[in-house]
$ cat input-v6.csv   # CSV, C-alpha atoms and all ligand atoms
chain,number,residue,atom,x,y,z
A,249,GLY,CA,-15.2,-9.3,29.5
A,250,PRO,CA,-13.9,-7.8,26.2
A,251,PRO,CA,-10.5,-6.2,26.3
A,252,ALA,CA,-10.3,-2.4,26.8
A,253,PRO,CA,-10.6,-0.5,23.5
A,254,LEU,CA,-7.4,0.4,21.8
A,255,ARG,CA,-6.7,4.2,21.8
A,256,GLY,CA,-5.3,5.2,18.4
A,257,ALA,CA,-4.4,8.5,16.8
A,258,VAL,CA,-4.2,9.4,13.1
A,259,VAL,CA,-1.6,11.8,11.8
A,260,GLY,CA,-2.4,13.3,8.4
A,261,CYS,CA,-6.0,14.0,7.6
A,262,GLY,CA,-5.7,14.2,3.8
A,263,PHE,CA,-7.1,12.4,0.8
A,264,PHE,CA,-6.5,8.8,1.8
A,265,ALA,CA,-6.8,9.2,5.6
A,266,MET,CA,-10.5,9.5,5.1
A,267,ASN,CA,-10.6,5.8,4.2
A,268,GLN,CA,-8.5,4.9,7.2
A,269,LEU,CA,-10.8,6.8,9.5
A,270,HIS,CA,-13.9,5.2,8.1
A,271,ALA,CA,-12.3,1.7,8.5
A,272,TRP,CA,-11.3,2.4,12.1
A,273,ARG,CA,-14.9,3.2,12.8
A,274,ASP,CA,-15.9,-0.2,11.5
A,275,ILE,CA,-13.5,-2.1,13.7
A,276,ALA,CA,-14.8,-3.2,17.2
A,277,GLY,CA,-12.5,-2.4,20.1
A,278,VAL,CA,-10.8,0.6,18.5
A,279,GLU,CA,-11.3,4.2,19.3
A,280,ILE,CA,-9.5,7.0,17.4
A,281,ALA,CA,-8.9,9.3,20.3
A,282,ALA,CA,-7.0,12.1,18.6
A,283,ILE,CA,-6.1,13.4,15.2
A,284,CYS,CA,-3.2,15.5,13.9
A,285,ASP,CA,-2.7,17.6,10.8
A,286,ARG,CA,-0.6,20.7,10.3
A,287,ASP,CA,-3.3,22.2,8.1
A,288,PRO,CA,-5.9,23.7,10.4
A,289,ASP,CA,-8.8,23.5,7.9
A,290,ARG,CA,-8.3,19.8,7.3
A,291,LEU,CA,-7.9,19.2,11.0
A,292,SER,CA,-11.2,20.9,12.0
A,293,ALA,CA,-13.2,19.4,9.0
A,294,THR,CA,-11.9,15.9,9.8
A,295,GLY,CA,-12.6,16.4,13.6
A,296,GLU,CA,-16.1,17.6,12.9
A,297,GLY,CA,-16.8,14.9,10.2
A,298,PHE,CA,-15.7,12.0,12.4
A,299,GLY,CA,-16.6,13.4,15.8
A,300,ILE,CA,-13.0,13.6,17.2
A,301,ALA,CA,-12.5,16.4,19.7
A,302,ARG,CA,-8.8,16.0,20.5
A,303,ARG,CA,-7.0,17.7,17.6
A,304,TYR,CA,-3.3,18.7,17.2
A,305,ARG,CA,-1.4,20.6,14.6
A,306,ASP,CA,1.9,19.2,15.8
A,307,ALA,CA,2.5,15.5,16.3
A,308,ALA,CA,5.2,16.1,19.0
A,309,GLU,CA,2.5,17.9,21.1
A,310,MET,CA,0.1,15.1,20.5
A,311,PHE,CA,2.5,12.4,21.7
A,312,ALA,CA,3.4,14.4,24.8
A,313,ALA,CA,-0.3,14.9,25.7
A,314,GLU,CA,-2.0,11.6,24.8
A,315,ARG,CA,-1.7,8.1,26.0
A,316,LEU,CA,-1.9,6.0,22.9
A,317,ASP,CA,-2.0,2.3,22.1
A,318,PHE,CA,-1.0,3.0,18.4
A,319,VAL,CA,-0.6,5.7,15.9
A,320,ASP,CA,-1.6,5.6,12.2
A,321,ILE,CA,0.6,7.8,10.0
A,322,ALA,CA,-1.2,8.9,6.8
A,323,THR,CA,1.0,11.8,5.7
A,324,THR,CA,3.1,11.9,2.6
A,325,VAL,CA,6.6,10.3,2.4
A,326,GLU,CA,8.7,13.3,3.5
A,327,SER,CA,7.4,13.2,7.1
A,328,HIS,CA,7.4,9.4,7.5
A,329,ARG,CA,10.8,9.0,9.0
A,330,PRO,CA,10.6,11.8,11.6
A,331,LEU,CA,7.0,10.7,12.6
A,332,VAL,CA,7.9,7.0,13.0
A,333,GLU,CA,11.0,7.9,15.0
A,334,LEU,CA,8.8,10.2,17.2
A,335,ALA,CA,6.4,7.3,17.8
A,336,ALA,CA,9.3,5.0,18.6
A,337,ARG,CA,10.7,7.5,21.2
A,338,HIS,CA,7.3,7.5,22.9
A,339,ARG,CA,7.1,3.7,22.7
A,340,VAL,CA,3.9,3.8,20.6
A,341,PRO,CA,3.2,1.0,18.1
A,342,VAL,CA,3.0,2.5,14.6
A,343,ILE,CA,1.4,2.0,11.2
A,344,CYS,CA,3.0,4.0,8.4
A,345,GLN,CA,1.6,4.6,4.9
A,346,LYS,CA,3.6,3.5,1.9
A,347,PRO,CA,6.1,4.5,0.6
A,348,LEU,CA,7.8,3.9,4.0
A,349,ALA,CA,10.7,6.1,2.9
A,350,LYS,CA,12.3,7.5,-0.2
A,351,THR,CA,15.5,5.6,0.4
A,352,LEU,CA,16.4,2.2,1.8
A,353,PRO,CA,18.8,3.6,4.4
A,354,ASP,CA,15.9,5.8,5.8
A,355,ALA,CA,13.6,2.8,5.8
A,356,ARG,CA,16.2,0.7,7.6
A,357,ALA,CA,16.7,3.4,10.2
A,358,MET,CA,12.9,3.4,10.9
A,359,VAL,CA,12.7,-0.3,11.2
A,360,ASP,CA,15.7,-0.3,13.6
A,361,ALA,CA,14.2,2.6,15.7
A,362,CYS,CA,11.0,0.6,16.2
A,363,ALA,CA,12.8,-2.7,16.9
A,364,GLU,CA,15.1,-0.9,19.5
A,365,ALA,CA,12.0,0.7,21.2
A,366,GLY,CA,10.3,-2.7,21.2
A,367,VAL,CA,7.3,-1.5,19.3
A,368,PRO,CA,5.7,-3.1,16.2
A,369,LEU,CA,5.8,-1.2,12.9
A,370,MET,CA,3.4,-2.1,10.1
A,371,VAL,CA,3.5,-0.5,6.6
A,372,HIS,CA,0.0,0.3,5.3
A,373,GLU,CA,0.7,-1.8,2.2
A,374,ASN,CA,-2.9,-2.7,1.4
A,375,PHE,CA,-2.9,-3.8,-2.2
A,376,ARG,CA,-2.1,-7.4,-1.3
A,377,TRP,CA,-5.1,-7.3,1.0
A,378,GLN,CA,-7.6,-6.6,-1.8
A,379,ALA,CA,-10.2,-9.3,-2.2
A,380,PRO,CA,-9.3,-10.3,-5.8
A,381,ILE,CA,-5.6,-10.5,-4.9
A,382,ARG,CA,-6.3,-12.6,-1.9
A,383,ALA,CA,-8.4,-14.9,-4.0
A,384,VAL,CA,-5.5,-15.4,-6.5
A,385,ALA,CA,-3.0,-16.0,-3.6
A,386,ALA,CA,-5.4,-18.5,-2.1
A,387,VAL,CA,-5.6,-20.5,-5.4
A,388,LEU,CA,-1.9,-20.4,-5.9
A,389,ALA,CA,-1.3,-21.7,-2.3
A,390,THR,CA,-3.4,-24.8,-3.0
A,391,GLY,CA,-0.9,-26.0,-5.6
A,392,ARG,CA,-3.6,-26.5,-8.2
A,393,ILE,CA,-1.7,-24.8,-10.9
A,394,GLY,CA,1.7,-26.2,-9.8
A,395,ARG,CA,4.8,-24.1,-9.4
A,396,PRO,CA,4.5,-20.7,-11.1
A,397,PHE,CA,7.1,-20.0,-13.8
A,398,PHE,CA,5.6,-16.8,-15.2
A,399,GLY,CA,3.6,-13.9,-13.8
A,400,ARG,CA,2.3,-10.6,-15.2
A,401,LEU,CA,0.9,-7.8,-13.1
A,402,SER,CA,-0.6,-5.0,-15.0
A,403,PHE,CA,-2.1,-1.7,-13.9
A,404,ARG,CA,-2.9,0.6,-16.9
A,405,SER,CA,-5.3,3.5,-16.6
A,406,GLY,CA,-6.0,7.1,-17.6
A,407,TYR,CA,-7.9,7.9,-14.3
A,408,ASP,CA,-7.2,11.4,-13.1
A,409,VAL,CA,-5.5,10.7,-9.8
A,410,PHE,CA,-4.1,14.2,-9.7
A,411,LYS,CA,-7.5,15.7,-9.0
A,412,GLY,CA,-7.8,14.1,-5.6
A,413,GLN,CA,-4.0,13.9,-4.9
A,414,PRO,CA,-2.5,17.0,-6.6
A,415,HIS,CA,0.9,16.3,-4.9
A,416,LEU,CA,1.3,13.4,-7.2
A,417,ALA,CA,1.8,15.8,-10.2
A,418,THR,CA,4.7,17.7,-8.6
A,419,GLY,CA,7.0,15.1,-7.2
A,420,GLU,CA,10.2,14.2,-9.0
A,421,ARG,CA,9.2,10.6,-8.7
A,422,PHE,CA,5.7,9.3,-9.5
A,423,ILE,CA,4.4,6.0,-10.7
A,424,ILE,CA,7.1,3.6,-9.5
A,425,GLN,CA,7.1,5.0,-6.0
A,426,GLU,CA,3.4,5.7,-5.7
A,427,LEU,CA,1.8,2.7,-7.5
A,428,GLY,CA,4.5,0.4,-8.8
A,429,ILE,CA,5.4,-0.1,-5.1
A,430,HIS,CA,2.1,-1.9,-4.6
A,431,MET,CA,2.6,-4.1,-7.7
A,432,LEU,CA,6.1,-4.9,-6.7
A,433,ASP,CA,4.9,-5.9,-3.2
A,434,ILE,CA,2.2,-8.2,-4.8
A,435,ALA,CA,4.9,-9.7,-7.0
A,436,ARG,CA,7.0,-10.5,-4.0
A,437,HIS,CA,4.0,-11.8,-2.1
A,438,LEU,CA,3.0,-14.2,-4.9
A,439,PHE,CA,6.3,-15.3,-6.4
A,440,GLY,CA,8.8,-14.7,-3.5
A,441,ASP,CA,12.1,-12.9,-3.2
A,442,VAL,CA,13.5,-11.0,-6.2
A,443,SER,CA,17.1,-11.5,-7.2
A,444,GLY,CA,17.2,-9.1,-10.1
A,445,LEU,CA,15.2,-6.4,-11.8
A,446,THR,CA,15.3,-4.4,-15.0
A,447,ALA,CA,13.1,-1.4,-15.5
A,448,ARG,CA,12.2,1.2,-18.2
A,449,SER,CA,10.2,4.2,-17.5
A,450,THR,CA,8.9,7.3,-19.3
A,451,ARG,CA,6.7,10.4,-18.8
A,452,ILE,CA,3.8,10.8,-21.2
A,453,ASN,CA,1.6,13.4,-19.5
A,454,PRO,CA,3.3,16.8,-20.0
A,455,ALA,CA,1.5,18.3,-17.0
A,456,ILE,CA,3.3,16.3,-14.4
A,457,ARG,CA,6.9,16.1,-13.3
A,458,GLY,CA,7.6,12.4,-12.6
A,459,GLU,CA,7.4,9.2,-14.7
A,460,ASP,CA,3.9,7.9,-15.4
A,461,ALA,CA,4.6,4.6,-17.2
A,462,VAL,CA,7.0,1.8,-16.3
A,463,THR,CA,7.7,-1.7,-17.4
A,464,MET,CA,9.7,-4.0,-15.1
A,465,LEU,CA,11.1,-7.5,-15.5
A,466,LEU,CA,11.7,-9.4,-12.3
A,467,ASP,CA,13.8,-12.6,-11.6
A,468,HIS,CA,12.5,-14.4,-8.6
A,469,ALA,CA,14.9,-16.5,-6.5
A,470,GLY,CA,12.5,-19.4,-6.6
A,471,GLY,CA,12.7,-19.6,-10.4
A,472,ALA,CA,9.7,-17.6,-11.6
A,473,MET,CA,9.9,-14.5,-13.8
A,474,SER,CA,7.4,-11.8,-13.7
A,475,VAL,CA,6.6,-8.7,-15.8
A,476,VAL,CA,5.1,-5.7,-13.9
A,477,ASP,CA,3.7,-2.9,-16.0
A,478,CYS,CA,2.0,0.3,-14.8
A,479,SER,CA,0.7,3.4,-16.6
A,480,TYR,CA,-1.4,6.4,-15.8
A,481,ALA,CA,-1.2,7.5,-19.4
A,482,THR,CA,-3.4,4.7,-20.9
A,483,ARG,CA,-6.7,5.6,-22.6
A,484,ARG,CA,-9.1,2.7,-23.1
A,485,ALA,CA,-12.7,2.3,-24.0
A,486,VAL,CA,-13.3,1.0,-20.5
A,487,ASP,CA,-11.0,2.2,-17.8
A,488,SER,CA,-10.4,-0.4,-15.1
A,489,PHE,CA,-8.9,1.8,-12.4
A,490,PRO,CA,-7.9,0.7,-9.8
A,491,GLU,CA,-7.9,-2.9,-10.8
A,492,THR,CA,-4.7,-5.0,-11.1
A,493,SER,CA,-4.8,-7.5,-13.9
A,494,LEU,CA,-2.8,-10.7,-13.2
A,495,GLU,CA,-1.7,-13.7,-15.2
A,496,ILE,CA,0.1,-16.6,-13.6
A,497,ASP,CA,1.3,-19.7,-15.5
A,498,GLY,CA,2.1,-22.7,-13.5
A,499,ALA,CA,3.4,-26.2,-14.5
A,500,PHE,CA,-0.2,-27.6,-14.4
A,501,GLY,CA,-2.4,-24.6,-15.1
A,502,SER,CA,-3.0,-20.9,-14.9
A,503,ILE,CA,-4.7,-18.1,-13.0
A,504,HIS,CA,-6.1,-15.1,-14.9
A,505,LEU,CA,-7.5,-12.1,-13.1
A,506,MET,CA,-9.3,-9.8,-15.5
A,507,PRO,CA,-11.0,-6.5,-15.4
A,508,GLY,CA,-14.4,-6.7,-13.9
A,509,TYR,CA,-13.0,-8.9,-11.0
A,510,ARG,CA,-13.3,-12.1,-12.9
A,511,MET,CA,-10.8,-14.8,-12.1
A,512,VAL,CA,-10.3,-17.8,-14.4
A,513,VAL,CA,-8.5,-20.8,-13.0
A,514,THR,CA,-7.3,-23.5,-15.3
A,515,ASP,CA,-6.0,-26.8,-13.8
A,516,ARG,CA,-5.6,-30.4,-15.0
A,517,THR,CA,-9.4,-30.9,-14.7
A,518,GLY,CA,-10.5,-27.8,-16.7
A,519,SER,CA,-11.4,-24.2,-16.3
A,520,GLU,CA,-13.6,-22.3,-13.9
A,521,THR,CA,-14.6,-18.6,-13.7
A,522,VAL,CA,-15.0,-17.1,-10.3
A,523,ASP,CA,-16.5,-13.7,-9.4
A,524,VAL,CA,-13.9,-12.2,-7.0
A,525,SER,CA,-15.6,-8.8,-6.7
A,526,PRO,CA,-14.9,-6.9,-3.5
A,527,PRO,CA,-17.8,-6.1,-1.2
A,528,LEU,CA,-19.0,-2.5,-1.4
A,529,LEU,CA,-18.7,-1.2,2.1
A,530,PRO,CA,-21.4,1.3,3.2
A,531,TRP,CA,-18.9,4.2,3.2
A,532,ALA,CA,-17.2,3.2,0.0
A,533,ALA,CA,-17.6,4.7,-3.5
A,534,ARG,CA,-16.8,3.0,-6.8
A,535,PRO,CA,-14.3,2.7,-8.4
A,536,TRP,CA,-12.3,2.9,-5.2
A,537,HIS,CA,-14.3,0.2,-3.3
A,538,SER,CA,-11.7,-2.6,-3.7
A,539,VAL,CA,-8.9,-0.4,-2.3
A,540,GLN,CA,-11.3,0.8,0.5
A,541,GLU,CA,-12.2,-2.7,1.5
A,542,SER,CA,-8.5,-3.6,1.7
A,543,VAL,CA,-8.0,-0.7,4.2
A,544,LEU,CA,-10.5,-2.4,6.5
A,545,ALA,CA,-8.8,-5.7,6.0
A,546,ILE,CA,-5.2,-4.5,6.8
A,547,GLN,CA,-6.3,-2.4,9.7
A,548,SER,CA,-8.2,-5.4,11.2
A,549,HIS,CA,-5.1,-7.4,10.7
A,550,TRP,CA,-3.1,-4.8,12.7
A,551,VAL,CA,-5.6,-5.0,15.6
A,552,ASP,CA,-5.3,-8.8,15.5
A,553,CYS,CA,-1.5,-8.6,15.6
A,554,LEU,CA,-1.5,-5.9,18.4
A,555,ARG,CA,-3.7,-8.1,20.5
A,556,SER,CA,-1.9,-11.4,19.8
A,557,GLY,CA,1.7,-10.2,19.4
A,558,CYS,CA,2.1,-11.6,15.9
A,559,GLU,CA,4.2,-9.8,13.3
A,560,PRO,CA,2.0,-8.0,10.7
A,561,ALA,CA,2.3,-9.5,7.1
A,562,THR,CA,3.5,-6.2,5.8
A,563,SER,CA,5.7,-5.3,8.8
A,564,GLY,CA,8.4,-2.7,8.4
A,565,ARG,CA,11.0,-5.5,8.2
A,566,ASP,CA,9.0,-7.3,5.4
A,567,ASN,CA,8.6,-4.0,3.6
A,568,LEU,CA,12.3,-3.3,3.3
A,569,ALA,CA,12.4,-5.8,0.5
A,570,THR,CA,9.6,-3.8,-1.3
A,571,VAL,CA,11.4,-0.5,-0.8
A,572,ALA,CA,14.6,-2.2,-2.2
A,573,LEU,CA,12.7,-3.1,-5.4
A,574,VAL,CA,11.5,0.5,-5.8
A,575,GLU,CA,15.0,1.7,-5.4
A,576,ALA,CA,16.3,-0.9,-7.8
A,577,ALA,CA,13.6,0.1,-10.4
A,578,TYR,CA,14.7,3.8,-10.3
A,579,GLU,CA,18.3,2.7,-10.5
A,580,SER,CA,17.7,0.4,-13.5
A,581,ALA,CA,15.5,2.9,-15.3
A,582,ALA,CA,18.3,5.6,-14.9
A,583,ALA,CA,21.3,3.4,-15.8
A,584,GLY,CA,19.6,1.0,-18.3
A,585,GLY,CA,21.1,-2.2,-17.0
A,586,PRO,CA,19.7,-4.8,-14.6
A,587,VAL,CA,20.0,-4.4,-10.8
A,588,PHE,CA,20.9,-7.4,-8.7
A,589,LEU,CA,19.4,-7.6,-5.2
A,590,HIS,CA,20.8,-9.1,-2.1
A,591,ALA,CA,18.8,-11.8,-0.3
A,592,ARG,CA,18.3,-9.6,2.8
A,593,PRO,CA,18.0,-5.8,2.2
B,601,LIG,P1,-2.6,14.3,1.2
B,601,LIG,O1,-1.6,15.4,0.9
B,601,LIG,O2,-4.0,14.4,0.7
B,601,LIG,O3,-2.7,14.2,2.8
B,601,LIG,C1,-1.6,14.3,3.6
B,601,LIG,C2,-2.0,15.1,4.9
B,601,LIG,O4,-0.9,15.1,5.8
B,601,LIG,C3,-2.2,16.6,4.5
B,601,LIG,O5,-3.5,17.0,5.1
B,601,LIG,C4,-1.0,17.3,5.2
B,601,LIG,O6,-1.4,18.6,5.7
B,601,LIG,C5,-0.7,16.3,6.4
B,601,LIG,N1,0.7,16.4,6.8
B,601,LIG,C6,1.8,16.3,6.1
B,601,LIG,N2,2.9,16.3,6.9
B,601,LIG,C7,2.5,16.4,8.2
B,601,LIG,C8,3.1,16.5,9.4
B,601,LIG,N3,4.4,16.4,9.5
B,601,LIG,N4,2.3,16.6,10.5
B,601,LIG,C9,1.0,16.7,10.4
B,601,LIG,N5,0.3,16.6,9.2
B,601,LIG,C10,1.0,16.5,8.1
B,601,LIG,O7,-1.9,13.0,0.7
B,601,LIG,P2,-2.6,11.6,0.3
B,601,LIG,O8,-2.8,11.5,-1.1
B,601,LIG,O9,-3.7,11.3,1.2
B,601,LIG,O10,-1.3,10.6,0.6
B,601,LIG,C11,-0.9,10.3,1.9
B,601,LIG,C12,-0.1,9.0,2.0
B,601,LIG,O11,-1.0,8.0,1.6
B,601,LIG,C13,1.0,9.0,0.9
B,601,LIG,O12,2.2,8.4,1.5
B,601,LIG,C14,0.4,8.1,-0.2
B,601,LIG,O13,1.4,7.4,-0.9
B,601,LIG,C15,-0.4,7.2,0.6
B,601,LIG,N6,-1.6,6.6,-0.2
B,601,LIG,C16,-1.8,5.3,-0.1
B,601,LIG,C17,-2.8,4.7,-0.7
B,601,LIG,C18,-3.0,3.2,-0.6
B,601,LIG,O14,-3.8,2.6,-1.3
B,601,LIG,N7,-2.3,2.6,0.3
B,601,LIG,C19,-3.6,5.5,-1.6
B,601,LIG,C20,-3.4,6.9,-1.6
B,601,LIG,C21,-2.4,7.4,-0.9
B,602,LIG,O1,-1.6,7.0,-4.1
B,602,LIG,C1,-1.9,5.8,-4.8
B,602,LIG,C2,-2.0,4.6,-4.2
B,602,LIG,O2,-1.3,4.2,-3.2
B,602,LIG,O3,-3.0,3.8,-4.7
B,602,LIG,C3,-3.6,4.5,-5.8
B,602,LIG,C4,-3.1,5.9,-5.6
B,602,LIG,O4,-4.1,6.7,-5.0
B,602,LIG,C5,-2.8,6.7,-6.9
B,602,LIG,O5,-1.9,6.0,-7.7

$ encode --input "input-v6.csv" --output "structure tokens"
Amino acid sequence: GPPAPLRGAVVGCGFFAMNQLHAWRDIAGVEIAAICDRDPDRLSATGEGFGIARRYRDAAEMFAAERLDFVDIATTVESHRPLVELAARHRVPVICQKPLAKTLPDARAMVDACAEAGVPLMVHENFRWQAPIRAVAAVLATGRIGRPFFGRLSFRSGYDVFKGQPHLATGERFIIQELGIHMLDIARHLFGDVSGLTARSTRINPAIRGEDAVTMLLDHAGGAMSVVDCSYATRRAVDSFPETSLEIDGAFGSIHLMPGYRMVVTDRTGSETVDVSPPLLPWAARPWHSVQESVLAIQSHWVDCLRSGCEPATSGRDNLATVALVEAAYESAAAGGPVFLHARP
């Protein structure tokens, strides 16, 4: 018969966790048995909304009382290390939202704690799981455009993210750690390890504390260069939030992902335009639907990995290289010069 359902728990019932809870409901063989949030109102509203009776304000109490097959941590970055280490102590496989940690030493300690406990750790780094990004990666992998020598990943918007996520306005760091991290992960995923990075950042919106625009130049060890630019201070006639625009030039052709989820592939035989729109899941709402569908994709991947024992694509170990790029970007933006990265962070 079918395997017993996996008993999961979600820690953090805030803005983004709602997507994670919806996606868990869509995945066969998973039951979210318990939830945790230190905020009692969020805890009860989420419990009522998703029909989850076992509720905890304290994660340590939850781990002590529940038998869990995995935990899904959807809190903000400050609590990631203590919560991941708590899960490791209880030998519970763990998913942690990005940013895994604020510093590379913290991230390494978390990866080590899970490795020593013998439990898998996946970072909820979902952007590379978006349907349009997967479509681009699939074309690149066929070799149709040849070896890539140039990439540009661009995310420019004036969407008011502070309305749903007010904490984004008050942190010392903003766009590199919060959104640039996704773009840097996609750049690594498409073009390989990064050997050097130069960044410039600025704050345009006077109502927030951190930087809201950044431009980065990346040297990839395999020979490609990429430009990664992000802004939440860009006003345009049509706002493309939360779409990533992408251009890749290869020796024999190019791939161009444009707003409106149109991908144009040019190879030696000509050009074709493909609609790479994400599906609109029943619980999804535009313009978030691409991100929401990627949540279902990454969580399904986690279940496949838990059942088969394979390492998740965005494992903690893999994600160290992405955290290293975020750290390098802040370092370069502060000091002005390039930052050189080691092959293994
Ligand atoms: P949020 O503030 O809306 O939600 C966080 C929740 O966690 C709050 O309800 C808070 O009470 C709770 N919490 C915090 N510390 C806790 C602890 N120690 N124990 C129990 N509960 C605790 O934040 P958000 O905007 O939903 O962001 C959460 C995380 O998700 C962040 O790391 C953010 O970067 C990430 N995020 C990822 C994506 C994505 O596409 N992958 C999108 C948005 C946010
Ligand atoms: O929190 C951010 C993320 O991870 O994706 C988009 C976002 O919600 C705002 O930048």

$ closest_residue --input "input-v6.csv" --among "A:Gln425, A:Tyr407, A:Gly412, A:Asp523" --to "Asp487 (chain A)" --atoms "all atoms listed in the file"
A:Tyr407

$ residues_near_ligand --input "input-v6.csv" --ligand "ligand LIG 602 (chain B)" --cutoff "10 Å" --atoms "all atoms listed in the file" --output "PyMOL selection string"
chain A and resi 263-264+324+345-347+372-375+403+405+407-410+412-413+415-416+422-430+460+478-480+489-491+536+539

$ closest_residue --input "input-v6.csv" --among "A:Ser493, A:Thr562, A:Thr294, A:Thr351" --to "Asn267 (chain A)" --atoms "all atoms listed in the file"
A:Thr294

$ atom_distance --input "input-v6.csv" --atom1 "CA of Gly249 (chain A)" --atom2 "CA of Phe298 (chain A)"
27.3 Å

$ closest_residue --input "input-v6.csv" --among "A:Asp320, A:Glu309, A:Glu541, A:Asp515" --to "Gln378 (chain A)" --atoms "only C-alpha atoms"
A:Glu541

$ atom_distance --input "input-v6.csv" --atom1 "CA of Gln540 (chain A)" --atom2 "atom C13 of ligand LIG 601 (chain B)"
14.8 Å

$ residues_near_point --input "input-v6.csv" --point "(-9.8, -6.5, -2.5)" --cutoff "7 Å" --atoms "all atoms listed in the file" --output "list in words"
Trp377, Gln378, Ala379, Pro380, Ile381, Pro526, Ser538, Val539, Glu541 and Ser542 of chain A

$ closest_residue --input "input-v6.csv" --among "A:Leu568, A:Ala583, A:Gly394, A:Val367" --to "Pro353 (chain A)" --atoms "all atoms listed in the file"
A:Leu568

$ atom_distance --input "input-v6.csv" --atom1 "CA of Phe398 (chain A)" --atom2 "CA of Ala481 (chain A)"
25.6 Å

$ residues_near_point --input "input-v6.csv" --point "(5.9, -6.2, 9.5)" --cutoff "12 Å" --atoms "only C-alpha atoms" --output "MDAnalysis selection string"
chainID A and resid 341:344 348 358:359 362:363 367:373 546 549:550 553:554 557:570

$ closest_residue --input "input-v6.csv" --among "A:Val332, A:Leu388, A:Ala301, A:Val486" --to "ligand LIG 601 (chain B)" --atoms "only C-alpha atoms and all ligand atoms"
A:Val332

$ residues_around --input "input-v6.csv" --residues "region 434-448 of chain A" --least-positions-apart "4" --cutoff "6 Å" --atoms "all atoms listed in the file" --output "list in words"
Arg376, Val462, Thr463, Met464, Leu465, Leu466, Asp467, His468, Ala469, Ala577, Ser580, Ala581, Pro586, Val587, Phe588 and Leu589 of chain A

$ closest_residue --input "input-v6.csv" --among "A:Ser502, A:Ser449, A:Pro330, A:Gly299" --to "Arg400 (chain A)" --atoms "all atoms listed in the file"
A:Ser502

$ build_atoms --input "input-v6.csv" --residues "region 457-468 of chain A" --atoms "N, CA, C and O atoms" --output "compact mmCIF listing (two decimals), keeping the file's coordinate frame"
# COMPACT_ATOMS: atom_id res chain seq x y z
N ARG A 457 5.45 16.03 -13.34
CA ARG A 457 6.90 16.10 -13.30
C ARG A 457 7.56 14.70 -13.38
O ARG A 457 8.60 14.52 -14.01
N GLY A 458 6.97 13.71 -12.74
CA GLY A 458 7.60 12.40 -12.60
C GLY A 458 7.20 11.45 -13.77
O GLY A 458 6.43 11.80 -14.67
N GLU A 459 7.72 10.23 -13.69
CA GLU A 459 7.40 9.20 -14.70
C GLU A 459 5.99 8.67 -14.48
O GLU A 459 5.55 8.51 -13.34
N ASP A 460 5.25 8.43 -15.59
CA ASP A 460 3.90 7.90 -15.40
C ASP A 460 3.67 6.59 -16.17
O ASP A 460 2.52 6.15 -16.29
N ALA A 461 4.74 5.98 -16.65
CA ALA A 461 4.60 4.60 -17.20
C ALA A 461 5.92 3.88 -16.95
O ALA A 461 7.01 4.46 -17.05
N VAL A 462 5.79 2.62 -16.59
CA VAL A 462 7.00 1.80 -16.30
C VAL A 462 6.73 0.36 -16.65
O VAL A 462 5.60 -0.13 -16.53
N THR A 463 7.76 -0.29 -17.14
CA THR A 463 7.70 -1.70 -17.40
C THR A 463 8.91 -2.36 -16.72
O THR A 463 10.04 -1.88 -16.86
N MET A 464 8.65 -3.41 -15.94
CA MET A 464 9.70 -4.00 -15.10
C MET A 464 9.74 -5.55 -15.37
O MET A 464 8.68 -6.17 -15.52
N LEU A 465 10.93 -6.09 -15.39
CA LEU A 465 11.10 -7.50 -15.50
C LEU A 465 11.83 -8.02 -14.26
O LEU A 465 12.89 -7.50 -13.91
N LEU A 466 11.21 -8.99 -13.58
CA LEU A 466 11.70 -9.40 -12.30
C LEU A 466 12.15 -10.91 -12.36
O LEU A 466 11.40 -11.75 -12.87
N ASP A 467 13.33 -11.20 -11.82
CA ASP A 467 13.80 -12.60 -11.60
C ASP A 467 13.51 -12.93 -10.17
O ASP A 467 14.01 -12.26 -9.27
N HIS A 468 12.73 -13.99 -9.94
CA HIS A 468 12.50 -14.40 -8.60
C HIS A 468 13.41 -15.55 -8.19
O HIS A 468 13.66 -16.45 -9.01
